[in-house]
Amino acid sequence: MPRTEHIVESDLLIIGGGSAGLWAAKRFTELMPEKKVVIVDKGPKEWGGLMSMAGGDFDAVIPGDDLNAWVEDFIYYFDGLCDQEQIEELLRHSYDRLEDYQRYGCEFFRKEDGSLKSIPQRGLPHVKLYPAKLVGRGGEDMVRNLVRQLRKANVESLGRIMVTDLLKKDGRVVGAVGFDSISGDFYRFHAQVVIAATGVGGWKTSYGKNTPTGEGVEMAWNAGARLKDFEFSRVWNMPRYFGWEGQTKLIPLGARFVNAKGEPFMEKYSPVLGVNTDPHFITIAMAMEIRAGRGPIYFDISRINPDDLILLKPQNGWQLMNYEKLSKLGMDLFRDNTEWLPQMTISYGGMEATIKGETNVEGLFAAGTARSTEPGVYAGGFALMSTSVTGHLAGEGAAEFLRTAAPVDGALCDDVDALQKAIYAPLGREGLAPRDVLKKVQAAMFPYDVSILKTEASLQRALDEIVRIRTEEVPLMTASDPHYLLKLREVRSMAFVSELYLRASLERRESRAGHFREDYPHRSEDGLAWLIIQRKEDGSMEISRKRVPLERYRRPITRYYQDNFRFVSEER
């Protein structure tokens, strides 16, 4: 059936309206107030992406802190797989963004003397987060205040539009195409520069992680962008019933995980750090305890000072809703030991980009978690800090690009008709339901020997299945209406991200940072390199190694975070 076509013109097109996208628009409009900015998101207009679900905690190097000491902590935390120059720039700008949030109206907890209250992170000597005062809804407050700033700058925002493909002219990205997931209308965006702030890939799990599915990565890949860090994913420890935000703050205050015997097992795997560490390492131990017959695993809060629970107890929003659901089941996170499970949530892979977001594709910039920043370990508060800073810097980078780039006319692209035909092809035909294909992707990816305790055999088994799904089932998916057409595109991208994850995990034959190979449990001498994935002419994936340039960096690597752990399988 004929579809209404909309053409949207802009100087800067931002795909993704979360933290990074909003900050990119804010900075760009400060530098080029006369230019038109359009933000397009697959979610509701101005919803704020995953930031709207975040607690609002924020890492920042405040005045008086030692920036160099923070950088060295992250080099240690990332097991040396750290772009020292980029991390230093992220941290250098962190307090500026925290101050911006406070100036816009966001509040953070303070001590009696008026100074910001901080919570140390992951057993690192210097890294700490600053908790939002609006418990459980600090991210929503950040969205509200940022959106108000952008309205003043006349930034146009469009929601419920799934962007599917980037448009290129003579090798330069000049826009994008997509469709309205309610009406089905076709959208064609023309722009002088594009920022991808589409977030990460994922697998439709709980804890607010059901929206990131990797379509931004897939469209960037199809445009020729280099990808990085796909062997790393976030495996989080989650309550068995409903999602929750807060272990990052509860653990430093005294919470711990215990097995079915009531034993606090993390001290066995890490006598130095115990439970005060990255969830990646805790979930490895959880999986080993469960496999050894000592499950289920419980979260024990008995050692926390009751006065500290005010930092975590939800006041309203989705966390209060889940808290009330738990209460109806007779469970109280702030009174009882509750059962927790490891859960694979999102990918850490993204586009390779400079600190200001420039990718290897002309006219395409990346911000937030659409770009690769961290190797699978996560300090609480790092995401809101890094997405705000990389968004802000990508806005600067896009403005600098436009000052020297020649104008282009996106209307001259000649592949739009073919892209439009491909978008709507699955509508109304007989085939497979996206949800059924999604279940098969999840079944391949979620077993512990694929997501946590990786081995050559288990990864290859999963890869064979994912390749089969992508080859045989993804092309047969069908959609009854535009909403399910969006779901179809999400499942397609999740299968794509899964293959990236598996191929990169097979290639890295060592354990480092957020990647654990049970058959290669130690660091490799040649492992200090990033894995870069590029698209070959035939569409296949080519993986190469990009060595960490230690000779260029001024800080030597003297210690490794993973040396605090000893994971030896009882079955091997």
# chains A, B, ... in the order shown; residues from 1 in each chain; ligands from 1
>>> select_by_dssp(residues="range 199-257 of chain A", states="strand (DSSP E or B)", output="ChimeraX atom specification")
/A:202,227-228,233-239,256-257
>>> write_last_selection(atoms="N, CA and C atoms", output="short mmCIF file (atom, residue, chain, number, x, y, z; two decimals), in the first residue's frame")
data_model
loop_
_atom_site.label_atom_id
_atom_site.label_comp_id
_atom_site.auth_asym_id
_atom_site.auth_seq_id
_atom_site.Cartn_x
_atom_site.Cartn_y
_atom_site.Cartn_z
N GLY A 202 21.89 -5.44 22.70
CA GLY A 202 21.44 -6.17 23.88
C GLY A 202 20.57 -7.34 23.49
N LEU A 227 34.22 -1.40 14.03
CA LEU A 227 33.64 -1.74 15.32
C LEU A 227 34.71 -2.28 16.25
N LYS A 228 34.44 -2.21 17.55
CA LYS A 228 35.48 -2.51 18.54
C LYS A 228 34.86 -3.07 19.82
N SER A 233 30.60 -8.11 27.14
CA SER A 233 29.18 -7.85 27.40
C SER A 233 29.00 -7.65 28.90
N ARG A 234 27.91 -7.05 29.26
CA ARG A 234 27.62 -6.88 30.69
C ARG A 234 26.77 -8.04 31.18
N VAL A 235 27.33 -8.85 32.06
CA VAL A 235 26.57 -9.87 32.75
C VAL A 235 26.38 -9.36 34.17
N TRP A 236 25.17 -9.02 34.48
CA TRP A 236 24.86 -8.35 35.74
C TRP A 236 24.24 -9.35 36.70
N ASN A 237 24.35 -9.09 37.99
CA ASN A 237 23.62 -9.92 38.96
C ASN A 237 22.32 -9.20 39.31
N MET A 238 21.23 -9.94 39.17
CA MET A 238 19.90 -9.35 39.24
C MET A 238 19.03 -10.10 40.23
N PRO A 239 18.09 -9.41 40.89
CA PRO A 239 17.11 -10.12 41.71
C PRO A 239 16.29 -11.08 40.84
N ARG A 256 26.47 -8.18 50.75
CA ARG A 256 27.32 -9.23 50.19
C ARG A 256 26.44 -10.33 49.60
N PHE A 257 27.05 -11.17 48.78
CA PHE A 257 26.35 -12.33 48.23
C PHE A 257 26.76 -13.57 49.01
#
>>> select_by_dssp(residues="range 32-233 of chain A", states="helix (DSSP H, G or I)", output="MDAnalysis selection string")
chainID A and resid 49:53 67:77 84:92 94:104 138:152 215:222
>>> residues_around(residues="Glu85 in chain A", least_positions_apart="4", cutoff="9 Å", atoms="only C-alpha atoms", output="number ranges by chain")
A: 89-90, 355, 553
>>> closest_residue(among="A:Glu374, A:Asp519, A:Glu396, A:Glu34", to="Glu231 in chain A", atoms="only C-alpha atoms")
A:Glu374
>>> residues_around(residues="range 148-159 of chain A", least_positions_apart="5", cutoff="6 Å", atoms="only C-alpha atoms", output="PyMOL selection string")
chain A and resi 37-45
>>> atom_distance(atom1="CA of Val163 in chain A", atom2="CA of Arg489 in chain A")
9.7 Å
>>> closest_residue(among="A:Val200, A:Gly171, A:Met331, A:Leu81", to="Thr213 in chain A", atoms="only C-alpha atoms")
A:Val200
>>> closest_atom_pairs(of="range 444-509 of chain A", to="range 533-545 of chain A", cutoff="10 Å", atoms="only C-alpha atoms", output="CSV")
residue,atom,partner,partner_atom,distance
A:Glu499,CA,A:Met541,CA,9.4
A:Leu500,CA,A:Ile533,CA,8.0
A:Arg503,CA,A:Ile543,CA,8.4
A:Ala504,CA,A:Ile543,CA,7.5
A:Glu507,CA,A:Ile543,CA,8.1
A:Arg508,CA,A:Arg545,CA,9.9
>>> write_last_selection(atoms="N, CA and C atoms", output="PDB file, in the first residue's frame")
ATOM      1  N   GLU A 499      26.417 -12.395  16.704  1.00  0.00           N
ATOM      2  CA  GLU A 499      27.513 -12.946  15.907  1.00  0.00           C
ATOM      3  C   GLU A 499      28.806 -12.171  16.148  1.00  0.00           C
ATOM      4  N   LEU A 500      28.723 -10.858  16.249  1.00  0.00           N
ATOM      5  CA  LEU A 500      29.908 -10.062  16.567  1.00  0.00           C
ATOM      6  C   LEU A 500      30.519 -10.504  17.895  1.00  0.00           C
ATOM      7  N   ARG A 503      32.154 -14.141  17.588  1.00  0.00           N
ATOM      8  CA  ARG A 503      33.392 -14.182  16.799  1.00  0.00           C
ATOM      9  C   ARG A 503      34.535 -13.491  17.544  1.00  0.00           C
ATOM     10  N   ALA A 504      34.242 -12.373  18.177  1.00  0.00           N
ATOM     11  CA  ALA A 504      35.296 -11.678  18.928  1.00  0.00           C
ATOM     12  C   ALA A 504      35.702 -12.487  20.159  1.00  0.00           C
ATOM     13  N   GLU A 507      38.020 -15.145  19.170  1.00  0.00           N
ATOM     14  CA  GLU A 507      39.323 -14.610  18.760  1.00  0.00           C
ATOM     15  C   GLU A 507      40.199 -14.261  19.962  1.00  0.00           C
ATOM     16  N   ARG A 508      39.613 -13.775  21.040  1.00  0.00           N
ATOM     17  CA  ARG A 508      40.415 -13.402  22.212  1.00  0.00           C
ATOM     18  C   ARG A 508      40.631 -14.629  23.089  1.00  0.00           C
TER      19      ARG A 508
END
>>> closest_atom_pairs(of="range 192-279 of chain A", to="range 405-415 of chain A", cutoff="12 Å", atoms="only C-alpha atoms", output="tab-separated table")
residue	atom	partner	partner_atom	distance
A:Gln192	CA	A:Val408	CA	6.4
A:Val193	CA	A:Ala405	CA	9.3
A:Val194	CA	A:Gly410	CA	11.8
>>> closest_residue(among="A:Tyr95, A:Tyr501, A:Phe189, A:Trp203", to="Pro63 in chain A", atoms="only C-alpha atoms")
A:Tyr95
>>> residues_around(residues="range 443-454 of chain A", least_positions_apart="6", cutoff="6 Å", atoms="only C-alpha atoms", output="compact mmCIF listing (two decimals) with all heavy atoms, in the first residue's frame")
# COMPACT_ATOMS: atom_id res chain seq x y z
N ALA A 462 27.42 -21.95 19.94
CA ALA A 462 26.50 -20.82 19.86
C ALA A 462 26.65 -20.09 18.53
O ALA A 462 25.64 -19.66 17.93
CB ALA A 462 26.76 -19.85 21.02
N ARG A 517 37.60 -16.52 29.65
CA ARG A 517 37.63 -17.79 28.95
C ARG A 517 38.08 -18.85 29.95
O ARG A 517 39.21 -18.83 30.43
CB ARG A 517 38.61 -17.73 27.77
CG ARG A 517 38.12 -16.95 26.56
CD ARG A 517 37.12 -17.74 25.73
NE ARG A 517 37.69 -18.96 25.19
CZ ARG A 517 38.16 -19.09 23.95
NH1 ARG A 517 38.15 -18.05 23.12
NH2 ARG A 517 38.64 -20.24 23.52
N GLU A 518 37.20 -19.78 30.27
CA GLU A 518 37.55 -20.81 31.24
C GLU A 518 38.67 -21.70 30.72
O GLU A 518 39.45 -22.25 31.50
CB GLU A 518 36.31 -21.65 31.59
CG GLU A 518 36.52 -22.51 32.82
CD GLU A 518 35.22 -23.09 33.34
OE1 GLU A 518 34.23 -23.16 32.59
OE2 GLU A 518 35.21 -23.48 34.53
>>> atom_distance(atom1="CA of Gln102 in chain A", atom2="CA of Leu50 in chain A")
20.0 Å
>>> closest_residue(among="A:Glu324, A:Glu30, A:Asp300, A:Asp278", to="Gly395 in chain A", atoms="only C-alpha atoms")
A:Glu30
>>> residues_around(residues="Met477 in chain A", least_positions_apart="6", cutoff="7 Å", atoms="only C-alpha atoms", output="PDB file with N, CA and C atoms, in the first residue's frame")
ATOM      1  N   PRO A 426       8.794  -7.127   4.686  1.00  0.00           N
ATOM      2  CA  PRO A 426       8.241  -8.164   5.572  1.00  0.00           C
ATOM      3  C   PRO A 426       6.774  -7.979   5.938  1.00  0.00           C
ATOM      4  N   GLY A 431       5.309 -15.964   7.295  1.00  0.00           N
ATOM      5  CA  GLY A 431       6.675 -16.185   7.736  1.00  0.00           C
ATOM      6  C   GLY A 431       6.762 -16.423   9.228  1.00  0.00           C
ATOM      7  N   LEU A 432       7.919 -16.098   9.798  1.00  0.00           N
ATOM      8  CA  LEU A 432       8.194 -16.350  11.209  1.00  0.00           C
ATOM      9  C   LEU A 432       7.926 -15.103  12.045  1.00  0.00           C
ATOM     10  N   ALA A 433       7.391 -15.297  13.234  1.00  0.00           N
ATOM     11  CA  ALA A 433       7.160 -14.182  14.151  1.00  0.00           C
ATOM     12  C   ALA A 433       8.485 -13.770  14.791  1.00  0.00           C
ATOM     13  N   PRO A 434       8.779 -12.468  14.856  1.00  0.00           N
ATOM     14  CA  PRO A 434      10.034 -12.023  15.460  1.00  0.00           C
ATOM     15  C   PRO A 434      10.256 -12.558  16.870  1.00  0.00           C
ATOM     16  N   LEU A 488      10.775  -6.620  14.472  1.00  0.00           N
ATOM     17  CA  LEU A 488      11.528  -7.434  13.520  1.00  0.00           C
ATOM     18  C   LEU A 488      12.930  -6.874  13.311  1.00  0.00           C
TER      19      LEU A 488
END
>>> closest_atom_pairs(of="range 144-236 of chain A", to="range 16-22 of chain A", cutoff="8 Å", atoms="only C-alpha atoms", output="CSV")
residue,atom,partner,partner_atom,distance
A:Leu146,CA,A:Leu22,CA,6.9
A:Val147,CA,A:Leu22,CA,7.4
A:Leu150,CA,A:Leu22,CA,7.7
A:Ile195,CA,A:Gly21,CA,7.8
A:Ala196,CA,A:Gly16,CA,6.8
A:Ala197,CA,A:Gly16,CA,4.8
A:Thr198,CA,A:Gly16,CA,4.5
A:Gly199,CA,A:Gly16,CA,7.4
>>> write_last_selection(atoms="all heavy atoms", output="tab-separated table (two decimals), in the first residue's frame")
chain	number	residue	atom	x	y	z
A	146	LEU	N	17.45	18.41	31.02
A	146	LEU	CA	18.14	18.58	29.74
A	146	LEU	C	17.17	18.93	28.62
A	146	LEU	O	17.44	19.79	27.79
A	146	LEU	CB	18.89	17.29	29.38
A	146	LEU	CG	20.36	17.20	29.78
A	146	LEU	CD1	20.92	15.84	29.36
A	146	LEU	CD2	21.18	18.32	29.16
A	147	VAL	N	16.03	18.25	28.60
A	147	VAL	CA	15.03	18.53	27.57
A	147	VAL	C	14.57	19.98	27.65
A	147	VAL	O	14.37	20.65	26.62
A	147	VAL	CB	13.84	17.55	27.70
A	147	VAL	CG1	12.64	18.05	26.90
A	147	VAL	CG2	14.25	16.16	27.24
A	150	LEU	N	17.03	22.09	25.85
A	150	LEU	CA	17.00	21.94	24.40
A	150	LEU	C	15.78	22.61	23.78
A	150	LEU	O	15.84	23.09	22.65
A	150	LEU	CB	17.04	20.46	24.02
A	150	LEU	CG	18.32	19.71	24.42
A	150	LEU	CD1	18.27	18.29	23.92
A	150	LEU	CD2	19.55	20.42	23.90
A	195	ILE	N	25.19	12.26	14.02
A	195	ILE	CA	25.74	11.66	15.24
A	195	ILE	C	24.89	10.45	15.61
A	195	ILE	O	23.67	10.57	15.80
A	195	ILE	CB	25.76	12.66	16.42
A	195	ILE	CG1	26.70	13.82	16.12
A	195	ILE	CG2	26.18	11.94	17.71
A	195	ILE	CD1	26.73	14.88	17.22
A	196	ALA	N	25.51	9.29	15.67
A	196	ALA	CA	24.83	8.08	16.13
A	196	ALA	C	24.96	8.00	17.65
A	196	ALA	O	26.06	7.84	18.18
A	196	ALA	CB	25.43	6.83	15.49
A	197	ALA	N	23.85	8.15	18.34
A	197	ALA	CA	23.81	8.04	19.80
A	197	ALA	C	22.77	6.99	20.16
A	197	ALA	O	21.94	7.18	21.04
A	197	ALA	CB	23.48	9.39	20.42
A	198	THR	N	22.83	5.88	19.45
A	198	THR	CA	21.79	4.86	19.49
A	198	THR	C	21.94	3.87	20.62
A	198	THR	O	21.15	2.93	20.72
A	198	THR	CB	21.79	4.10	18.16
A	198	THR	OG1	23.14	3.72	17.84
A	198	THR	CG2	21.26	4.96	17.03
A	199	GLY	N	22.97	4.02	21.44
A	199	GLY	CA	23.15	3.09	22.55
A	199	GLY	C	23.80	1.79	22.11
A	199	GLY	O	24.39	1.69	21.04
